[in-house]
Structure formats: structure tokens, C-alpha cells
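Q: Below you will find the structure I want to go over with you.
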Amino acid sequence: MPILPVNENVLGVAVERLRQGDLVGMPTETVYGLAADATNSLAVARIYERKGRPQFNPLIAHVSNVAMARREAHLDQRAEQLMQRFWPGPLTLVVPIASDCSVCDLARAGLSTIALRMPNHPTARALIEGLNRPIAAPSANRSGHVSPTTAADVAFEFGKELLILDAGPCVIGVESTIVELLPEEPARLLRPGGITREELLAVLGKLDGPGTNAVNAPGQLQSHYAPRARLRLNAVDVREGEVFLGFGPTMVSGGENLSARGDLKEAAANLFTLLRRLDEQGANAIAVAPVPETSLGEAINDRLRRAAAPREGEGART
Ligand code: TXA
Ligand code: MG
């Protein structure tokens, strides 16, 4: 199946495929997802297989409204406040499952918690509503690769036999922020993302880091989101054999710029696209300019550090 621009017909075909346990390339406001019916463990198994993803890594269940979330999980007052403020949007909540949770064990990797998110994207929500069940969708890249922000990126990862719904480039460009809300525990930031720490603090007042027993603090794997090229971070010069990935005004000619005007939103939206582009140009090494840690810079720097981390088979990885 090819890449298809979204319309009523195509949405109908996609919902039917999901109903039959097939996978669909699904646009969201953050990155494209590899979608399956979250209640169908065979369909979910296909996700793990296609991604080459370690089975212990649980998936996000995407819902189309708050009522659907309330059926799947125990949502405390903090969860309700966050949903009211940030849903639909790039915020995922890790919460205890309800006793009649419909999302299959495999999607949750057997955990008694579930990651829930309501995407701010009409196509994603139409798919969930059409299926009338939560949709499990990790980013539509092979495990460890750069996340896809266009339909063409998804086709590059999985080939054209996958039905990919093309809704243009993702507006946000980095994955959702993940917050864990467990009973008697402080709210914990498991993964920085499209909603900033500052925005969360304004609602929660307090936000801890991942706990020591965080089996699944995302990005558990140190090397992740990695392009083929090596990355050198906080670069203030370009060395022999490197191409430059700038941020803000720069004296370096050539290469690419995350945001020439130093805008963190624009940089987030460009991040994965530019890493892919430099890879496709055959760069062996990328020198990345410093990006401030504030606001969306936290998510951008998190992804950059993972992309720069030593790779599997290169020794320094645990
Ligand atoms: O923006 C996004 O979140 C995208 C789009 C497609 O929605 N999805 C995404 O999914 O980034 P994925 O699978 O690449 O990352 C989900 C992360 C994983 O790192 C996983 O460990 C974590 O969520 N996660 C899922 N369930 C969890 C749970 N019960 N406890 C802790 N972490 C969990
Ligand atoms: Mg991912």
C-alpha cells in the first residue's frame, strides 16, 4: 500500500485495516506513529516485529477523548488537571490501569500501568474514533533510528507495503512529554517532550525525575534516535570531515540550521528532519551547535544526547 493523502475514503480503509489487525502509518502532531488496535495482541505483536523493538518496551495507547482514558485507567486529580490543561496535545500520562482495561498486556509489556495520550491531530483522532478503541502507536521508525516527521520518512523506514496516511509534516517534531502519576508518589518526568517542564510545573507545582525503580524510563536505552553519522555536541567550530548543524545566527557556511533565528519551537520541528537530511547527504560526522536547556531545549538536548551516545557493539554501552 502506498502513501495516501488523507480523505474520508482513505480513513475508512485505514480503520478497516486496523480492525483486521493490520498496521497503519498514522500522523500525529509530534511524530508519525506505527498504529495498531491496542486491544489486539496479534496486531501489537506486529508492531514489535516491524520495529525490531525489545519486547520490554511498552507502547503508548492513544485515545480520542477523556472518557476513553477514564475507562482504561485510574486517573487522580493531578491527571485530571493535566488532561484538562494539555489534552489534546503532546503529553502522555503513565497511570495505573483500571481493572477492565481493554489494552492488551503485550502493549503494556505486562505492566500494571498504562501510558495514555490524546493526540492533537484530526487524522489520529478520526482513526481512534472510527476504530472506537485505543490505538497503540510507537514512533514509526525502526528501533533506535531517528523518528519520522513526514510520510516519506515512514516509507523510508518500512517500505511502501504499509498504508501510510499523509497529512504533511508534523507540527511539533519531537515526541510527547511523558509524566508518571502513581498513587502516593510525586509526579515524575519520564521523558521531556512537546510540553515543557515549565508548563507542567505551572499545573503540578512539583515534578521529580524518574525514580530508581523506573523500569521503563523512556530512552532506557542510552543510544536512541540515532542517525548513521556520529554527533559531536556543543560544537563551536567545525572540524575536518564534519558538517555543521547550527542553532541561531552562525558564521559557519554550509550545513543546516535548526533555527537561524534561535527559536526552540522551530528547532524542535526541524530536528529529526535535518538529522535525516544530513544522513542522506552522506555526512560521517555532524557537529551540533549548543542549544539552550530551557523550554523545548530540554527535549531537543535529550534527543541529541541519545543520538550522540555510543552505539551497540561499540563498547561503551551498558
Ligand atoms: O509523541 C509520541 O509520544 C509518539 C507519537 C506516535 O504519539 N509516540 C512515541 O512512542 O514516542 P514510543 O513508543 O516511541 O515511546 C513511548 C515511550 C517508550 O519509551 C516507553 O518506554 C514509554 O513510552 N512507556 C510506555 N508505557 C509505559 C509505562 N507503562 N511506564 C513507563 N513508560 C512507558
Ligand atoms: Mg520512539
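Lettering and numbering for the C-alpha cells are positional, with chains as A, B, ... in the shown order, residues counted from 1 in each chain, and ligands counted from 1 in the shown order.
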Can you tell me, as number ranges by chain, which residues in region 148-289 of chain A count as helix (DSSP H, G or I) by DSSP?

A: A: 151-158, 197-204, 264-280

Q: Using only C-alpha atoms and all ligand atoms, which residues of the polymer chains come no farther than 7 Å from ligand 2? I'd like the answer as a PDB file with N, CA, C and O atoms, in the first residue's frame.

A:
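Resulting contents of part31.pdb:
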```
ATOM      1  N   PRO A 138       3.858   3.384  18.631  1.00  0.00           N
ATOM      2  CA  PRO A 138       5.175   3.966  18.874  1.00  0.00           C
ATOM      3  C   PRO A 138       5.551   4.808  17.668  1.00  0.00           C
ATOM      4  O   PRO A 138       4.860   4.772  16.645  1.00  0.00           O
ATOM      5  N   SER A 139       6.602   5.568  17.776  1.00  0.00           N
ATOM      6  CA  SER A 139       7.075   6.313  16.614  1.00  0.00           C
ATOM      7  C   SER A 139       7.381   5.322  15.492  1.00  0.00           C
ATOM      8  O   SER A 139       7.878   4.221  15.736  1.00  0.00           O
ATOM      9  N   ASN A 141       9.457   4.334  13.354  1.00  0.00           N
ATOM     10  CA  ASN A 141      10.831   4.138  12.886  1.00  0.00           C
ATOM     11  C   ASN A 141      11.298   2.792  13.410  1.00  0.00           C
ATOM     12  O   ASN A 141      10.744   2.285  14.379  1.00  0.00           O
ATOM     13  N   SER A 147      13.219   9.383  14.631  1.00  0.00           N
ATOM     14  CA  SER A 147      11.759   9.374  14.496  1.00  0.00           C
ATOM     15  C   SER A 147      11.321  10.084  13.219  1.00  0.00           C
ATOM     16  O   SER A 147      11.931  11.061  12.808  1.00  0.00           O
TER      17      SER A 147
END
```

Q: Neighbours of Gly168 (chain A) within 10 Å (only C-alpha atoms; same-chain residues fewer than 6 positions away dropped), as a CSV table (one decimal) with N, CA, C and O atoms, in the first residue's frame?

A:
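Dumped everything to out_13.csv:
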```csv
chain,number,residue,atom,x,y,z
A,5,PRO,N,-2.8,10.6,0.6
A,5,PRO,CA,-3.2,11.8,1.3
A,5,PRO,C,-4.6,11.5,2.0
A,5,PRO,O,-5.3,10.7,1.5
A,6,VAL,N,-4.8,12.1,3.1
A,6,VAL,CA,-5.9,11.8,3.9
A,6,VAL,C,-7.2,12.3,3.3
A,6,VAL,O,-7.3,13.5,3.0
A,27,PRO,N,-0.3,9.9,11.1
A,27,PRO,CA,0.3,11.2,11.5
A,27,PRO,C,-0.2,11.6,12.9
A,27,PRO,O,-1.4,11.3,13.3
A,28,THR,N,0.6,12.2,13.7
A,28,THR,CA,0.2,12.9,14.9
A,28,THR,C,0.9,14.3,14.9
A,28,THR,O,1.7,14.6,14.0
A,149,THR,N,9.0,12.4,10.8
A,149,THR,CA,8.2,13.5,10.9
A,149,THR,C,7.4,13.8,9.5
A,149,THR,O,6.7,14.8,9.4
A,150,THR,N,7.6,13.0,8.5
A,150,THR,CA,6.8,13.0,7.3
A,150,THR,C,6.4,11.6,6.9
A,150,THR,O,7.1,10.6,7.3
A,151,ALA,N,5.5,11.6,6.0
A,151,ALA,CA,5.0,10.2,5.4
A,151,ALA,C,6.2,9.6,4.7
A,151,ALA,O,6.3,8.4,4.8
A,152,ALA,N,7.0,10.4,4.0
A,152,ALA,CA,8.1,9.8,3.2
A,152,ALA,C,9.1,9.2,4.2
A,152,ALA,O,9.7,8.1,3.9
```

Q: Using only C-alpha atoms, what does the table of region 222-297 of chain A residues within 12 Å of region 182-197 of chain A look like, with each row giving the shortest atom pair and its distance in Å to one decimal, sorted by chain and ascending number, as a Markdown table?

A:
```
| residue | atom | partner | partner_atom | distance |
| --- | --- | --- | --- | --- |
| A:Leu264 | CA | A:Gly194 | CA | 10.9 |
| A:Lys265 | CA | A:Gly194 | CA | 9.0 |
| A:Glu266 | CA | A:Gly194 | CA | 11.9 |
| A:Ala267 | CA | A:Gly194 | CA | 11.8 |
| A:Ala268 | CA | A:Gly194 | CA | 8.5 |
| A:Ala269 | CA | A:Gly194 | CA | 9.9 |
| A:Glu293 | CA | A:Arg197 | CA | 10.7 |
| A:Thr294 | CA | A:Thr196 | CA | 8.6 |
| A:Ser295 | CA | A:Thr196 | CA | 5.3 |
| A:Leu296 | CA | A:Thr196 | CA | 5.8 |
| A:Gly297 | CA | A:Thr196 | CA | 8.7 |
```

Q: Can you measure CA of Ser99 (chain A) to atom 29 (N, counted along the ligand's line) of ligand 1 for me? One decimal in Å is fine.

A: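 So the two atoms, CA of Ser99 (chain A) and atom 29 (N, counted along the ligand's line) of ligand 1, lie 15.0 Å apart.
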
Q: Region 41-46 of chain A: which residues within 8 Å, counting only C-alpha atoms, same-chain residues fewer than 5 positions away excluded, as a PyMOL selection string?

A: chain A and resi 21-23+36+104-107+136

Q: I need the residue nearest ligand 1 from this list: A:Leu111, A:Leu18, A:Val63, A:Ala38. Use only C-alpha atoms and all ligand atoms for the distance.

A: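 Ranked by minimum distance to ligand 1, first place goes to A:Leu111.
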
Q: Between A:Leu233, A:Ile300, A:Met118, A:Val252, which has the minimum distance to ligand 1 (counting only C-alpha atoms and all ligand atoms)?

A: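 Nearest candidate to ligand 1 out of A:Leu233, A:Ile300, A:Met118, A:Val252: A:Met118.
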
Q: Taking only C-alpha atoms and all ligand atoms into account, name the residue in A:Met68, A:Val95, A:Ala229, A:Val236 that is nearest to ligand 1.

A: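 Using only C-alpha atoms and all ligand atoms, ligand 1 sits closest to A:Val95.
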
Q: With only C-alpha atoms and all ligand atoms as the atoms that count, which of A:Ala289, A:Ala73, A:Leu200, A:Met251 lies nearest to ligand 1?

A: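 Under the stated criterion, the closest residue is A:Ala73.
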